[in-house]
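This report concerns only the one structure given below.
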Amino acid sequence: MADVFGMALDDYQKGEHTEDIKTYSSLDEEDVIPVPYLFRTFDEMPLVEQKALQRARGKILDIGAGAGSHALYLQNKGYKVTALDNSEGCIAVCKERGVESTVLSNILDYSEERYDTLLLLMNGIGLAGKLKNLSRFLQHLASLLLPNGQVLLDSSDIVYMFEQDEDGGYWIPDDGTYYGEVTFEMEYKGHKSKPFDWVYVDINTLQNACESNGFNCELVISGEHYDYLARLTLKK
């Protein structure tokens, strides 16, 4: 599979950015991910991300670190933070930007250490792929937490992408799948990724999944675009 994110980030890091990442999904038309946005500063981050970084504490694992913007901010604040990503290109860029601790791995394959804070930003819970995988995903996160640890994650309720009727309800296809499940494909400079599954989880569904898997789930803040930040802690 082409390391689309890694190639795009590496080009930007080298000053060779000429185009953005194209995305194709099962829900809508072609869209783009602006590569410079992945290198954003704290002041350029949406409020849900700023709040998450302000609540991070202790020993931190930044899951799906990308260009390392969140990890660098926390590292510069004096925290011990590790950037984890399954993209060789992303990890190389994190190192070049000065992230001191990095791990090249899929999160489900990683079990080396435990942490006080797990960060899953930019809809990091989407790494679960499908709703049916959410319990296994949460259980794995639980295994990576130190006592009194926390998971900070953001996601979105994408119900707004479906047609709305006069009564304010939404027309969601009744095909047996959860409406937040999306299949993506990405392209950069003619290189395409394989299609991959991603899941956007509404807060009620997340809270129900947490309840079933030994987590408390606190809604910290709702964003301006159906997004939200949640804090998960293990039940005593």
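Every chain in the structure tokens has a letter given in the order shown (A, B, ...), and although residue numbers restart at 1 in each chain, ligands are simply numbered from 1 in the order shown.
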Extract, using only C-alpha atoms, all DNA, RNA and protein residues at most 7 Å from Phe196 in chain A, discarding same-chain residues fewer than 4 positions from it, and format them as a PyMOL selection string. chain A and resi 183-185
Please list as a PDB file with all heavy atoms, in the first residue's frame every residue within 10 Å of Leu138 in chain A, counting only C-alpha atoms and excluding residues in the same chain fewer than 6 positions away.
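Okay, this is what ended up in out07.pdb:
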ATOM      1  N   ILE A 125     -10.371   7.637  16.973  1.00  0.00           N
ATOM      2  CA  ILE A 125     -11.168   6.444  17.234  1.00  0.00           C
ATOM      3  C   ILE A 125     -11.541   5.761  15.930  1.00  0.00           C
ATOM      4  O   ILE A 125     -11.882   4.576  15.892  1.00  0.00           O
ATOM      5  CB  ILE A 125     -12.424   6.790  18.052  1.00  0.00           C
ATOM      6  CG1 ILE A 125     -13.058   5.536  18.676  1.00  0.00           C
ATOM      7  CG2 ILE A 125     -13.442   7.549  17.222  1.00  0.00           C
ATOM      8  CD1 ILE A 125     -12.259   4.930  19.790  1.00  0.00           C
ATOM      9  N   ALA A 128     -10.498   2.195  14.655  1.00  0.00           N
ATOM     10  CA  ALA A 128     -11.214   0.936  14.905  1.00  0.00           C
ATOM     11  C   ALA A 128     -11.789   0.361  13.611  1.00  0.00           C
ATOM     12  O   ALA A 128     -12.043  -0.834  13.513  1.00  0.00           O
ATOM     13  CB  ALA A 128     -12.332   1.153  15.923  1.00  0.00           C
ATOM     14  N   VAL A 151      -7.959   8.354  28.352  1.00  0.00           N
ATOM     15  CA  VAL A 151      -7.942   8.414  26.887  1.00  0.00           C
ATOM     16  C   VAL A 151      -8.629   9.709  26.484  1.00  0.00           C
ATOM     17  O   VAL A 151      -9.754   9.979  26.935  1.00  0.00           O
ATOM     18  CB  VAL A 151      -8.680   7.219  26.250  1.00  0.00           C
ATOM     19  CG1 VAL A 151      -8.617   7.307  24.716  1.00  0.00           C
ATOM     20  CG2 VAL A 151      -8.112   5.896  26.741  1.00  0.00           C
ATOM     21  N   ALA A 209     -20.687   2.037  24.152  1.00  0.00           N
ATOM     22  CA  ALA A 209     -19.568   1.101  23.987  1.00  0.00           C
ATOM     23  C   ALA A 209     -18.643   1.146  25.195  1.00  0.00           C
ATOM     24  O   ALA A 209     -18.135   0.109  25.657  1.00  0.00           O
ATOM     25  CB  ALA A 209     -18.801   1.431  22.707  1.00  0.00           C
ATOM     26  N   CYS A 210     -18.412   2.340  25.716  1.00  0.00           N
ATOM     27  CA  CYS A 210     -17.557   2.477  26.901  1.00  0.00           C
ATOM     28  C   CYS A 210     -18.178   1.782  28.101  1.00  0.00           C
ATOM     29  O   CYS A 210     -17.495   1.076  28.859  1.00  0.00           O
ATOM     30  CB  CYS A 210     -17.317   3.959  27.203  1.00  0.00           C
ATOM     31  SG  CYS A 210     -16.187   4.775  26.058  1.00  0.00           S
ATOM     32  N   SER A 212     -20.031  -0.741  28.150  1.00  0.00           N
ATOM     33  CA  SER A 212     -19.924  -2.195  27.974  1.00  0.00           C
ATOM     34  C   SER A 212     -18.500  -2.706  28.134  1.00  0.00           C
ATOM     35  O   SER A 212     -18.284  -3.917  28.235  1.00  0.00           O
ATOM     36  CB  SER A 212     -20.445  -2.598  26.588  1.00  0.00           C
ATOM     37  OG  SER A 212     -21.790  -2.216  26.416  1.00  0.00           O
ATOM     38  N   ASN A 213     -17.532  -1.796  28.135  1.00  0.00           N
ATOM     39  CA  ASN A 213     -16.132  -2.220  28.165  1.00  0.00           C
ATOM     40  C   ASN A 213     -15.340  -1.624  29.328  1.00  0.00           C
ATOM     41  O   ASN A 213     -14.109  -1.514  29.271  1.00  0.00           O
ATOM     42  CB  ASN A 213     -15.459  -1.849  26.841  1.00  0.00           C
ATOM     43  CG  ASN A 213     -15.921  -2.729  25.693  1.00  0.00           C
ATOM     44  OD1 ASN A 213     -15.467  -3.861  25.538  1.00  0.00           O
ATOM     45  ND2 ASN A 213     -16.859  -2.222  24.896  1.00  0.00           N
ATOM     46  N   GLY A 214     -16.062  -1.264  30.388  1.00  0.00           N
ATOM     47  CA  GLY A 214     -15.394  -0.871  31.618  1.00  0.00           C
ATOM     48  C   GLY A 214     -14.842   0.534  31.668  1.00  0.00           C
ATOM     49  O   GLY A 214     -13.992   0.842  32.510  1.00  0.00           O
ATOM     50  N   PHE A 215     -15.322   1.409  30.783  1.00  0.00           N
ATOM     51  CA  PHE A 215     -14.873   2.801  30.761  1.00  0.00           C
ATOM     52  C   PHE A 215     -15.989   3.744  31.207  1.00  0.00           C
ATOM     53  O   PHE A 215     -17.162   3.528  30.906  1.00  0.00           O
ATOM     54  CB  PHE A 215     -14.474   3.218  29.339  1.00  0.00           C
ATOM     55  CG  PHE A 215     -13.067   2.861  28.936  1.00  0.00           C
ATOM     56  CD1 PHE A 215     -12.832   1.766  28.104  1.00  0.00           C
ATOM     57  CD2 PHE A 215     -11.986   3.621  29.344  1.00  0.00           C
ATOM     58  CE1 PHE A 215     -11.548   1.450  27.693  1.00  0.00           C
ATOM     59  CE2 PHE A 215     -10.697   3.306  28.948  1.00  0.00           C
ATOM     60  CZ  PHE A 215     -10.464   2.216  28.125  1.00  0.00           C
ATOM     61  N   LEU A 232     -12.027   9.376  28.418  1.00  0.00           N
ATOM     62  CA  LEU A 232     -12.354   8.032  28.891  1.00  0.00           C
ATOM     63  C   LEU A 232     -11.441   7.659  30.050  1.00  0.00           C
ATOM     64  O   LEU A 232     -10.229   7.892  29.994  1.00  0.00           O
ATOM     65  CB  LEU A 232     -12.170   7.007  27.773  1.00  0.00           C
ATOM     66  CG  LEU A 232     -13.259   6.845  26.698  1.00  0.00           C
ATOM     67  CD1 LEU A 232     -13.632   8.158  26.060  1.00  0.00           C
ATOM     68  CD2 LEU A 232     -12.814   5.833  25.654  1.00  0.00           C
TER      69      LEU A 232
END
Any idea what's packed within 9 Å of range 218-231 of chain A, counting only C-alpha atoms, ignoring anything in its chain fewer than 5 positions away? Could you give it as a list in words? Pro46, Leu47, Val48, Glu49, Lys51, Ala52, Leu121, Asn123, Gln150, Val151, Leu152, Leu153, Asp154, Ser155, Ser156, Asp157, Ile158, Val159, Tyr160, Asp202, Ile203 and Gln207 of chain A
Going by DSSP on the backbone, which residues of range 68-161 of chain A come out as strand (DSSP E or B)? List them as a PyMOL selection string. chain A and resi 80-85+101-104+115-120+145-156
Restricting the output to C-alpha atoms, write the selected residues as a PDB file, in the first residue's frame.
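Wrote part13.pdb, looks like this:
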ATOM      1  CA  LYS A  80       7.413  12.644  28.120  1.00  0.00           C
ATOM      2  CA  VAL A  81       5.524  11.884  24.909  1.00  0.00           C
ATOM      3  CA  THR A  82       5.840   9.118  22.316  1.00  0.00           C
ATOM      4  CA  ALA A  83       4.550   9.553  18.762  1.00  0.00           C
ATOM      5  CA  LEU A  84       3.110   6.354  17.276  1.00  0.00           C
ATOM      6  CA  ASP A  85       2.159   5.907  13.640  1.00  0.00           C
ATOM      7  CA  SER A 101      10.444   9.237  21.121  1.00  0.00           C
ATOM      8  CA  THR A 102       8.718   7.518  18.183  1.00  0.00           C
ATOM      9  CA  VAL A 103       7.208   4.108  17.459  1.00  0.00           C
ATOM     10  CA  LEU A 104       6.476   2.689  13.996  1.00  0.00           C
ATOM     11  CA  TYR A 115       0.765   5.445  29.696  1.00  0.00           C
ATOM     12  CA  ASP A 116      -1.055   8.062  31.754  1.00  0.00           C
ATOM     13  CA  THR A 117      -2.625   9.620  28.647  1.00  0.00           C
ATOM     14  CA  LEU A 118      -3.534   8.132  25.280  1.00  0.00           C
ATOM     15  CA  LEU A 119      -4.233  10.755  22.612  1.00  0.00           C
ATOM     16  CA  LEU A 120      -6.436   9.886  19.623  1.00  0.00           C
ATOM     17  CA  LEU A 145      -3.246   2.613  30.471  1.00  0.00           C
ATOM     18  CA  LEU A 146      -1.448   3.079  33.758  1.00  0.00           C
ATOM     19  CA  PRO A 147      -3.588   3.238  36.926  1.00  0.00           C
ATOM     20  CA  ASN A 148      -5.747   6.396  36.849  1.00  0.00           C
ATOM     21  CA  GLY A 149      -4.883   6.848  33.158  1.00  0.00           C
ATOM     22  CA  GLN A 150      -7.084   8.552  30.574  1.00  0.00           C
ATOM     23  CA  VAL A 151      -7.942   8.414  26.887  1.00  0.00           C
ATOM     24  CA  LEU A 152      -8.565  11.731  25.130  1.00  0.00           C
ATOM     25  CA  LEU A 153     -10.221  11.377  21.735  1.00  0.00           C
ATOM     26  CA  ASP A 154     -12.214  13.410  19.292  1.00  0.00           C
ATOM     27  CA  SER A 155     -14.727  12.265  16.720  1.00  0.00           C
ATOM     28  CA  SER A 156     -17.767  13.539  14.825  1.00  0.00           C
TER      29      SER A 156
END
Which of A:Tyr179, A:Val99, A:Ile107, A:Cys94 sits closest to Gln13 in chain A [using only C-alpha atoms]: A:Cys94
Rank nothing, just name the residue among A:Met122, A:Leu27, A:Leu72, A:Val4 nearest to Ser193 in chain A, using only C-alpha atoms.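 Closest candidate: A:Val4.
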As number ranges by chain, please: every residue in range 21-233 of chain A that a backbone DSSP assignment puts in helix (DSSP H, G or I). A: 35-39, 42-44, 47-55, 69-76, 88-97, 107-109, 124-128, 131-143, 158-161, 203-212
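Distance annotation: of A:Glu96, A:Glu211, A:Glu187, A:Glu113, the residue with the minimal separation from Tyr12 in chain A is A:Glu96; atom set is only C-alpha atoms.
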Between A:Leu53, A:Val182, A:Leu108, A:Val199, which one has atoms that come closest to Ser143 in chain A, using only C-alpha atoms? A:Leu108
Non-local contacts of His191 in chain A (12 Å; only C-alpha atoms; under 2 positions in same chain excluded) as number ranges by chain: A: 1-8, 21-23, 185-189, 193-194
Export C-alpha atoms of the chosen residues as an mmCIF file, in the first residue's frame?
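Here's the written file out_20.cif:
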data_model
loop_
_atom_site.group_PDB
_atom_site.id
_atom_site.type_symbol
_atom_site.label_atom_id
_atom_site.label_comp_id
_atom_site.auth_asym_id
_atom_site.auth_seq_id
_atom_site.Cartn_x
_atom_site.Cartn_y
_atom_site.Cartn_z
ATOM 1 C CA MET A 1 0.000 0.000 0.000
ATOM 2 C CA ALA A 2 1.375 3.403 -0.961
ATOM 3 C CA ASP A 3 2.364 5.469 2.088
ATOM 4 C CA VAL A 4 0.346 8.441 0.851
ATOM 5 C CA PHE A 5 0.467 10.396 4.093
ATOM 6 C CA GLY A 6 4.155 9.713 4.542
ATOM 7 C CA MET A 7 5.038 10.843 1.034
ATOM 8 C CA ALA A 8 3.014 14.039 1.324
ATOM 9 C CA ILE A 21 -3.845 14.735 -0.479
ATOM 10 C CA LYS A 22 -6.983 13.766 -2.377
ATOM 11 C CA THR A 23 -9.551 11.633 -0.582
ATOM 12 C CA GLU A 185 -9.062 5.852 -0.440
ATOM 13 C CA MET A 186 -6.330 8.485 -0.650
ATOM 14 C CA GLU A 187 -4.185 9.719 -3.510
ATOM 15 C CA TYR A 188 -1.045 11.860 -3.690
ATOM 16 C CA LYS A 189 0.906 12.643 -6.857
ATOM 17 C CA SER A 193 -3.662 3.931 -1.043
ATOM 18 C CA LYS A 194 -5.664 0.760 -0.755
#
In terms of only C-alpha atoms, the residue from A:Leu134, A:Ile63, A:Leu9, A:Val32 at minimal distance from Asn86 in chain A is A:Ile63
If you measure from CA of Arg97 in chain A to CA of Gly129 in chain A, what distance in Å do you get, rounded to one decimal?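 If I compute the distance from CA of Arg97 in chain A to CA of Gly129 in chain A, I get 29.0 Å.
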When you draw a straight line from CA of Lys192 in chain A to CA of Lys95 in chain A, how long is it in Å?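 So the answer is 24.7 Å.
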Closest of A:Gln139, A:Ser26, A:Asn216, A:Ser69 to Glu44 in chain A - atom-to-atom distances counting only C-alpha atoms: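 Of A:Gln139, A:Ser26, A:Asn216, A:Ser69, the one nearest Glu44 in chain A, counting only C-alpha atoms, is A:Ser69.
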Would you compute the distance between CA of Ser135 in chain A and CA of Gly58 in chain A? Give it in Å to one decimal.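 Rounded to one decimal, the two atoms are 25.5 Å apart.
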